[in-house]
Amino acid sequence: MSLVITGATGQLGRQVVETLLERNVPPQEIVAAGRAVDKIADLAQRGVHVRKMDYTDAASVGKAMKGASKVLLISGSEVGQRVEQHRSVIEAAQREGSQLVAYTSIANADGSGMKLAVEHQATETLLEQSGVPFVLLRNSWYLENYTDQLPGVLAQGALVGSAGNGRVSAASRADYAQAAAAVLLADDQAGRIYELGGDKPFTMAELAAEISAAAGKHISYQDLPPREYAAMLVRVGVPEGGAEILADSDLGIARGDLLVNSGDLSRLIGRPATSMAEAVRSAVAAI
């Protein structure tokens with residue numbers, strides 16, 4: 001068996017490889033593929049096959065996918081270019097006769113109105129049309145989307161957004177990685193759709209309250225109109241296009257686009273998902 005993990009030089013892909021190794025998958029059965037292979041040179045030293053793969057270079061994709069029994073297609077990071085990038089991996093899986101492609105989509109992709117969902121929806125359609133057996137891992141937000149911003153939040157004394165009273169089922173990157181590994185190692189996954197998210201969805205006001213409790217400092221939640229929020233993000237250095245995507249994503253949270261009640265994540269990983277409170281306390285302690 002050859003398990004190809006695309007995007008393995010990124011944080012999620014790396015954690016999937018580590019999880020597979022922890023589950024005693026022989027390293028020679030794992031292919032860690034990505035652009036910056038220098039980041040995963042240590043995996044090669046542990047017996048994992050490390051192959052360079054650039055989604056924009058079909059030749060590199062084809063070489064990296066040689067012999068792929070199962071593939072974890074981690075969605076690309078370049079918004080606006082991802083459909084064609086994903087197509088190259090799916091077509092390579094077709095040529096290799098892969099038994100399964102697991103794709104990291106977005107929560108509630110089929111009904112989401114978020115701009116970020118458009119390319120995921122298109123990729124899901126590509127998979128349906130490809131004839132390759134596939135499974136969808138529809139991930140909600142990462143808890144790290146919030147905890148990574150804590151130094152700035154604590155410095156300014158406020159959490160800012162446009163999510164209103166919407167609830168988000170965020171979970172840790174490690175939890176999503178463990179779920180992906182579990183699906184790759186399980187039988188009869190073709191055709192399944194997993195809606196993945198934390199067990200306890202939360203509002204931004206609840207997040208602010210948890211940060212306050214962990215830091216011993218009052219942190220408010222300031223809800224802004226989307227245009228004002230995007231403008232604020234631009235002022236602090238976020239590119240305009242990225243700021244618009246983030247503001248639109250908060251509107252999606254307000255609508256419930258990232259709310260997941262399936263329980264799929266905790267079932268796949270065999271334990272409760274990491275809670276927002278746990279993640280916040282750990283992140284604050286590390287500052």
# chains A, B, ... in the order shown; residues from 1 in each chain; ligands from 1
>>> residues_around(residues="range 117-133 of chain A", least_positions_apart="5", cutoff="7 Å", atoms="only C-alpha atoms", output="PyMOL selection string")
chain A and resi 82-83+86+94+99-101+105-106+109-110+112+190-191
>>> write_last_selection(atoms="C-alpha atoms", output="PDB file, in the first residue's frame")
ATOM      1  CA  ARG A  82      -7.152  25.771  -6.441  1.00  0.00           C
ATOM      2  CA  VAL A  83      -9.588  24.066  -8.818  1.00  0.00           C
ATOM      3  CA  HIS A  86      -6.704  19.956  -7.475  1.00  0.00           C
ATOM      4  CA  GLN A  94      -7.144   8.371 -12.228  1.00  0.00           C
ATOM      5  CA  GLN A  99      -8.407   3.103  -4.600  1.00  0.00           C
ATOM      6  CA  LEU A 100      -9.392   6.296  -2.779  1.00  0.00           C
ATOM      7  CA  VAL A 101      -8.933  10.062  -2.798  1.00  0.00           C
ATOM      8  CA  SER A 105     -13.206  20.285   1.740  1.00  0.00           C
ATOM      9  CA  ILE A 106     -15.098  22.854   3.838  1.00  0.00           C
ATOM     10  CA  ALA A 109     -19.846  22.690   1.273  1.00  0.00           C
ATOM     11  CA  ASP A 110     -22.956  21.790  -0.681  1.00  0.00           C
ATOM     12  CA  SER A 112     -22.443  27.109   1.952  1.00  0.00           C
ATOM     13  CA  ALA A 190     -15.590   5.574  -0.812  1.00  0.00           C
ATOM     14  CA  GLY A 191     -18.709   7.710  -1.121  1.00  0.00           C
TER      15      GLY A 191
END
>>> select_by_dssp(residues="range 44-264 of chain A", states="strand (DSSP E or B)", output="ChimeraX atom specification")
/A:49-52,70-73,100-106,134-139,142,158-161,168,171,193-196,202,220-223
>>> write_last_selection(atoms="N, CA, C and O atoms", output="short mmCIF file (atom, residue, chain, number, x, y, z; two decimals), in the first residue's frame")
data_model
loop_
_atom_site.label_atom_id
_atom_site.label_comp_id
_atom_site.auth_asym_id
_atom_site.auth_seq_id
_atom_site.Cartn_x
_atom_site.Cartn_y
_atom_site.Cartn_z
N HIS A 49 8.89 8.12 2.24
CA HIS A 49 9.25 8.60 0.91
C HIS A 49 8.88 10.07 0.80
O HIS A 49 7.71 10.44 0.97
N VAL A 50 9.83 10.92 0.56
CA VAL A 50 9.60 12.36 0.40
C VAL A 50 9.73 12.72 -1.07
O VAL A 50 10.77 12.45 -1.69
N ARG A 51 8.67 13.29 -1.64
CA ARG A 51 8.68 13.62 -3.06
C ARG A 51 8.22 15.07 -3.26
O ARG A 51 7.29 15.52 -2.61
N LYS A 52 8.89 15.75 -4.15
CA LYS A 52 8.52 17.13 -4.45
C LYS A 52 7.24 17.14 -5.28
O LYS A 52 7.15 16.43 -6.30
N LYS A 70 -3.84 5.11 -2.00
CA LYS A 70 -4.79 6.06 -1.44
C LYS A 70 -4.10 7.42 -1.37
O LYS A 70 -2.90 7.51 -1.15
N VAL A 71 -4.92 8.46 -1.53
CA VAL A 71 -4.38 9.82 -1.59
C VAL A 71 -5.17 10.71 -0.63
O VAL A 71 -6.40 10.68 -0.61
N LEU A 72 -4.44 11.50 0.14
CA LEU A 72 -5.07 12.59 0.87
C LEU A 72 -4.78 13.86 0.10
O LEU A 72 -3.62 14.31 0.05
N LEU A 73 -5.79 14.41 -0.52
CA LEU A 73 -5.66 15.66 -1.27
C LEU A 73 -6.00 16.81 -0.32
O LEU A 73 -7.17 17.07 -0.04
N LEU A 100 -8.65 5.29 -3.54
CA LEU A 100 -9.39 6.30 -2.78
C LEU A 100 -8.66 7.64 -2.83
O LEU A 100 -7.44 7.69 -2.71
N VAL A 101 -9.43 8.70 -3.00
CA VAL A 101 -8.93 10.06 -2.80
C VAL A 101 -9.77 10.68 -1.69
O VAL A 101 -11.00 10.76 -1.80
N ALA A 102 -9.11 11.07 -0.61
CA ALA A 102 -9.77 11.78 0.48
C ALA A 102 -9.46 13.26 0.32
O ALA A 102 -8.29 13.65 0.24
N TYR A 103 -10.48 14.08 0.26
CA TYR A 103 -10.29 15.51 -0.02
C TYR A 103 -10.72 16.36 1.17
O TYR A 103 -11.82 16.19 1.69
N THR A 104 -9.85 17.30 1.57
CA THR A 104 -10.19 18.19 2.67
C THR A 104 -10.98 19.38 2.14
O THR A 104 -10.43 20.38 1.69
N SER A 105 -12.28 19.26 2.21
CA SER A 105 -13.21 20.29 1.74
C SER A 105 -13.56 21.23 2.90
O SER A 105 -12.82 21.32 3.88
N ILE A 106 -14.66 21.92 2.80
CA ILE A 106 -15.10 22.85 3.84
C ILE A 106 -16.45 22.42 4.37
O ILE A 106 -17.25 21.80 3.65
N PHE A 134 -13.88 8.32 -3.88
CA PHE A 134 -13.45 9.43 -3.05
C PHE A 134 -14.28 9.53 -1.78
O PHE A 134 -15.39 9.00 -1.68
N VAL A 135 -13.71 10.24 -0.81
CA VAL A 135 -14.40 10.53 0.44
C VAL A 135 -14.14 12.00 0.75
O VAL A 135 -13.06 12.52 0.48
N LEU A 136 -15.15 12.67 1.28
CA LEU A 136 -15.04 14.09 1.56
C LEU A 136 -14.85 14.33 3.06
O LEU A 136 -15.65 13.85 3.87
N LEU A 137 -13.80 15.05 3.39
CA LEU A 137 -13.53 15.47 4.77
C LEU A 137 -13.84 16.96 4.84
O LEU A 137 -12.99 17.80 4.56
N ARG A 138 -15.07 17.28 5.18
CA ARG A 138 -15.51 18.67 5.17
C ARG A 138 -15.19 19.32 6.52
O ARG A 138 -15.95 19.24 7.47
N ASN A 139 -14.04 19.99 6.55
CA ASN A 139 -13.54 20.56 7.80
C ASN A 139 -14.12 21.94 8.07
O ASN A 139 -14.15 22.79 7.18
N TYR A 142 -10.24 25.97 11.85
CA TYR A 142 -9.22 25.57 12.82
C TYR A 142 -9.34 26.46 14.07
O TYR A 142 -9.51 27.67 13.96
N ALA A 158 -9.18 43.51 22.58
CA ALA A 158 -10.45 43.22 21.93
C ALA A 158 -10.27 42.18 20.83
O ALA A 158 -9.22 42.12 20.18
N LEU A 159 -11.30 41.39 20.64
CA LEU A 159 -11.43 40.48 19.52
C LEU A 159 -12.38 41.15 18.55
O LEU A 159 -13.47 41.58 18.93
N VAL A 160 -11.98 41.26 17.29
CA VAL A 160 -12.78 42.00 16.31
C VAL A 160 -13.21 41.06 15.19
O VAL A 160 -12.45 40.18 14.77
N GLY A 161 -14.43 41.23 14.71
CA GLY A 161 -14.91 40.42 13.61
C GLY A 161 -16.26 40.89 13.11
O GLY A 161 -16.74 41.96 13.49
N VAL A 168 -19.47 28.82 15.59
CA VAL A 168 -18.55 28.10 14.72
C VAL A 168 -18.07 26.83 15.43
O VAL A 168 -17.79 26.85 16.62
N ALA A 171 -12.20 23.25 15.43
CA ALA A 171 -11.47 22.15 16.06
C ALA A 171 -9.99 22.34 15.79
O ALA A 171 -9.59 23.13 14.93
N ILE A 193 -19.27 11.07 3.27
CA ILE A 193 -19.09 12.51 3.48
C ILE A 193 -19.07 12.75 4.98
O ILE A 193 -20.03 12.44 5.68
N TYR A 194 -17.97 13.28 5.46
CA TYR A 194 -17.84 13.58 6.88
C TYR A 194 -17.89 15.08 7.09
O TYR A 194 -17.11 15.83 6.50
N GLU A 195 -18.84 15.52 7.91
CA GLU A 195 -18.90 16.93 8.32
C GLU A 195 -18.14 17.02 9.64
O GLU A 195 -18.58 16.50 10.67
N LEU A 196 -16.99 17.67 9.60
CA LEU A 196 -16.06 17.63 10.72
C LEU A 196 -15.97 18.97 11.44
O LEU A 196 -15.76 20.01 10.80
N PHE A 202 -19.13 27.66 19.33
CA PHE A 202 -19.08 28.85 20.18
C PHE A 202 -19.24 30.12 19.35
O PHE A 202 -18.98 30.14 18.14
N SER A 220 -13.03 42.23 25.07
CA SER A 220 -14.37 42.39 24.53
C SER A 220 -14.42 41.84 23.10
O SER A 220 -13.38 41.66 22.46
N TYR A 221 -15.64 41.57 22.64
CA TYR A 221 -15.81 41.25 21.23
C TYR A 221 -16.46 42.44 20.56
O TYR A 221 -17.55 42.87 20.95
N GLN A 222 -15.80 42.96 19.54
CA GLN A 222 -16.32 44.09 18.79
C GLN A 222 -16.80 43.60 17.43
O GLN A 222 -15.99 43.18 16.61
N ASP A 223 -18.09 43.65 17.22
CA ASP A 223 -18.67 43.18 15.96
C ASP A 223 -18.82 44.37 15.01
O ASP A 223 -19.51 45.33 15.32
#
>>> select_by_dssp(residues="range 60-263 of chain A", states="helix (DSSP H, G or I)", output="JSON, numbers by chain")
{"A": [60, 61, 62, 63, 64, 82, 83, 84, 85, 86, 87, 88, 89, 90, 91, 92, 93, 94, 95, 96, 117, 118, 119, 120, 121, 122, 123, 124, 125, 126, 127, 128, 129, 130, 144, 145, 146, 147, 150, 151, 152, 153, 154, 155, 156, 173, 174, 175, 176, 177, 178, 179, 180, 181, 182, 183, 184, 185, 204, 205, 206, 207, 208, 209, 210, 211, 212, 213, 214, 215, 226, 227, 228, 229, 230, 231, 232, 233, 234, 235, 240, 241, 242, 243, 244, 245, 246, 247, 248, 249, 250, 251, 252, 253, 254, 255]}
>>> closest_residue(among="A:Leu143, A:Met53, A:Ala155, A:Val31", to="Ala174 in chain A", atoms="only C-alpha atoms")
A:Leu143
>>> atom_distance(atom1="CA of Gln45 in chain A", atom2="CA of Ala33 in chain A")
14.8 Å
>>> residues_around(residues="Pro201 in chain A", least_positions_apart="4", cutoff="9 Å", atoms="only C-alpha atoms", output="ChimeraX atom specification")
/A:167-170,197,259-261,275-276
>>> closest_residue(among="A:Asn108, A:Asn145, A:Gln15, A:Thr6", to="Asp257 in chain A", atoms="only C-alpha atoms")
A:Asn108
>>> closest_residue(among="A:Ile287, A:Ala181, A:Leu116, A:Asp175", to="Asp248 in chain A", atoms="only C-alpha atoms")
A:Leu116
>>> residues_around(residues="Glu278 in chain A", least_positions_apart="6", cutoff="12 Å", atoms="only C-alpha atoms", output="list in words")
Leu143, Glu144, Thr147, Ala171, Ser172, Gly198, Lys200, Leu207, Glu210, Ile211, Ala213, Ala214, Pro272, Val284 and Ala285 of chain A
>>> residues_around(residues="Leu246 in chain A", least_positions_apart="3", cutoff="10 Å", atoms="only C-alpha atoms", output="VMD selection string")
chain A and resid 114 to 116 161 to 162 226 229 to 230 233 238 240 to 243 249 to 252
>>> write_last_selection(atoms="all heavy atoms", output="tab-separated table (two decimals), in the first residue's frame")
chain	number	residue	atom	x	y	z
A	114	MET	N	-20.33	30.84	1.45
A	114	MET	CA	-19.05	31.51	1.64
A	114	MET	C	-18.25	31.52	0.34
A	114	MET	O	-18.25	30.55	-0.42
A	114	MET	CB	-18.24	30.81	2.73
A	114	MET	CG	-18.81	30.95	4.13
A	114	MET	SD	-17.98	29.87	5.34
A	114	MET	CE	-16.28	30.42	5.19
A	115	LYS	N	-17.51	32.62	0.11
A	115	LYS	CA	-16.65	32.69	-1.07
A	115	LYS	C	-15.60	31.58	-1.04
A	115	LYS	O	-15.24	31.04	-2.09
A	115	LYS	CB	-15.98	34.05	-1.14
A	115	LYS	CG	-16.94	35.20	-1.45
A	115	LYS	CD	-16.22	36.54	-1.49
A	115	LYS	CE	-17.20	37.67	-1.80
A	115	LYS	NZ	-16.53	39.00	-1.80
A	116	LEU	N	-15.12	31.25	0.15
A	116	LEU	CA	-14.12	30.19	0.27
A	116	LEU	C	-14.67	28.83	-0.15
A	116	LEU	O	-13.91	27.91	-0.45
A	116	LEU	CB	-13.60	30.10	1.70
A	116	LEU	CG	-12.42	30.98	2.08
A	116	LEU	CD1	-12.04	30.74	3.54
A	116	LEU	CD2	-11.22	30.72	1.17
A	161	GLY	N	-14.43	41.23	14.71
A	161	GLY	CA	-14.91	40.42	13.61
A	161	GLY	C	-16.26	40.89	13.11
A	161	GLY	O	-16.74	41.96	13.49
A	162	SER	N	-16.86	40.05	12.27
A	162	SER	CA	-18.18	40.35	11.71
A	162	SER	C	-19.11	39.15	11.80
A	162	SER	O	-20.01	39.00	10.99
A	162	SER	CB	-18.04	40.79	10.24
A	162	SER	OG	-17.33	41.98	10.11
A	226	PRO	N	-19.12	44.20	7.81
A	226	PRO	CA	-18.06	43.54	7.04
A	226	PRO	C	-17.07	44.47	6.37
A	226	PRO	O	-15.87	44.22	6.36
A	226	PRO	CB	-18.84	42.70	6.02
A	226	PRO	CG	-20.16	42.46	6.66
A	226	PRO	CD	-20.45	43.67	7.48
A	229	TYR	N	-14.73	45.82	8.95
A	229	TYR	CA	-13.82	44.78	9.41
A	229	TYR	C	-12.72	44.54	8.37
A	229	TYR	O	-11.52	44.47	8.70
A	229	TYR	CB	-14.60	43.49	9.68
A	229	TYR	CG	-13.76	42.33	10.15
A	229	TYR	CD1	-12.73	42.50	11.07
A	229	TYR	CD2	-14.01	41.04	9.69
A	229	TYR	CE1	-11.96	41.43	11.51
A	229	TYR	CE2	-13.26	39.96	10.12
A	229	TYR	CZ	-12.24	40.16	11.02
A	229	TYR	OH	-11.47	39.09	11.44
A	230	ALA	N	-13.11	44.44	7.09
A	230	ALA	CA	-12.12	44.23	6.03
A	230	ALA	C	-11.13	45.39	5.98
A	230	ALA	O	-9.92	45.19	5.82
A	230	ALA	CB	-12.82	44.06	4.68
A	233	LEU	N	-8.64	45.09	8.73
A	233	LEU	CA	-7.64	44.05	8.44
A	233	LEU	C	-6.58	44.57	7.47
A	233	LEU	O	-5.39	44.29	7.63
A	233	LEU	CB	-8.32	42.81	7.87
A	233	LEU	CG	-9.20	42.01	8.84
A	233	LEU	CD1	-10.00	40.95	8.09
A	233	LEU	CD2	-8.36	41.36	9.93
A	238	VAL	N	-3.13	42.95	6.29
A	238	VAL	CA	-3.70	41.85	5.51
A	238	VAL	C	-3.95	42.35	4.08
A	238	VAL	O	-4.53	43.41	3.89
A	238	VAL	CB	-5.02	41.36	6.14
A	238	VAL	CG1	-5.63	40.25	5.31
A	238	VAL	CG2	-4.78	40.89	7.58
A	240	GLU	N	-5.68	43.09	0.58
A	240	GLU	CA	-7.09	43.42	0.40
A	240	GLU	C	-7.95	42.20	0.08
A	240	GLU	O	-9.03	42.02	0.63
A	240	GLU	CB	-7.23	44.48	-0.70
A	240	GLU	CG	-8.66	45.00	-0.84
A	240	GLU	CD	-8.75	46.16	-1.80
A	240	GLU	OE1	-7.71	46.79	-2.08
A	240	GLU	OE2	-9.87	46.45	-2.26
A	241	GLY	N	-7.45	41.36	-0.84
A	241	GLY	CA	-8.22	40.18	-1.20
A	241	GLY	C	-8.42	39.25	-0.03
A	241	GLY	O	-9.52	38.71	0.19
A	242	GLY	N	-7.38	39.06	0.76
A	242	GLY	CA	-7.49	38.22	1.94
A	242	GLY	C	-8.42	38.79	2.98
A	242	GLY	O	-9.17	38.06	3.65
A	243	ALA	N	-8.39	40.12	3.13
A	243	ALA	CA	-9.28	40.78	4.09
A	243	ALA	C	-10.74	40.59	3.71
A	243	ALA	O	-11.60	40.34	4.56
A	243	ALA	CB	-8.94	42.26	4.17
A	249	SER	N	-16.02	35.29	5.35
A	249	SER	CA	-16.08	34.06	6.15
A	249	SER	C	-16.80	34.31	7.47
A	249	SER	O	-17.54	33.44	7.95
A	249	SER	CB	-14.66	33.53	6.39
A	249	SER	OG	-14.05	33.18	5.17
A	250	ASP	N	-16.57	35.48	8.06
A	250	ASP	CA	-17.30	35.81	9.28
A	250	ASP	C	-18.80	35.91	9.03
A	250	ASP	O	-19.62	35.50	9.86
A	250	ASP	CB	-16.77	37.12	9.88
A	250	ASP	CG	-15.75	36.87	10.98
A	250	ASP	OD1	-15.16	35.77	11.00
A	250	ASP	OD2	-15.55	37.76	11.83
A	251	LEU	N	-19.17	36.44	7.87
A	251	LEU	CA	-20.59	36.46	7.51
A	251	LEU	C	-21.13	35.04	7.39
A	251	LEU	O	-22.28	34.77	7.77
A	251	LEU	CB	-20.80	37.20	6.20
A	251	LEU	CG	-20.68	38.73	6.24
A	251	LEU	CD1	-20.88	39.31	4.85
A	251	LEU	CD2	-21.71	39.31	7.20
A	252	GLY	N	-20.29	34.15	6.88
A	252	GLY	CA	-20.69	32.74	6.81
A	252	GLY	C	-20.91	32.15	8.18
A	252	GLY	O	-21.86	31.39	8.41
>>> atom_distance(atom1="CA of Glu91 in chain A", atom2="CA of Asp264 in chain A")
28.5 Å
>>> residues_around(residues="Arg255 in chain A", least_positions_apart="6", cutoff="9 Å", atoms="only C-alpha atoms", output="list in words")
Gly113, Ala163, Gly166 and Arg167 of chain A
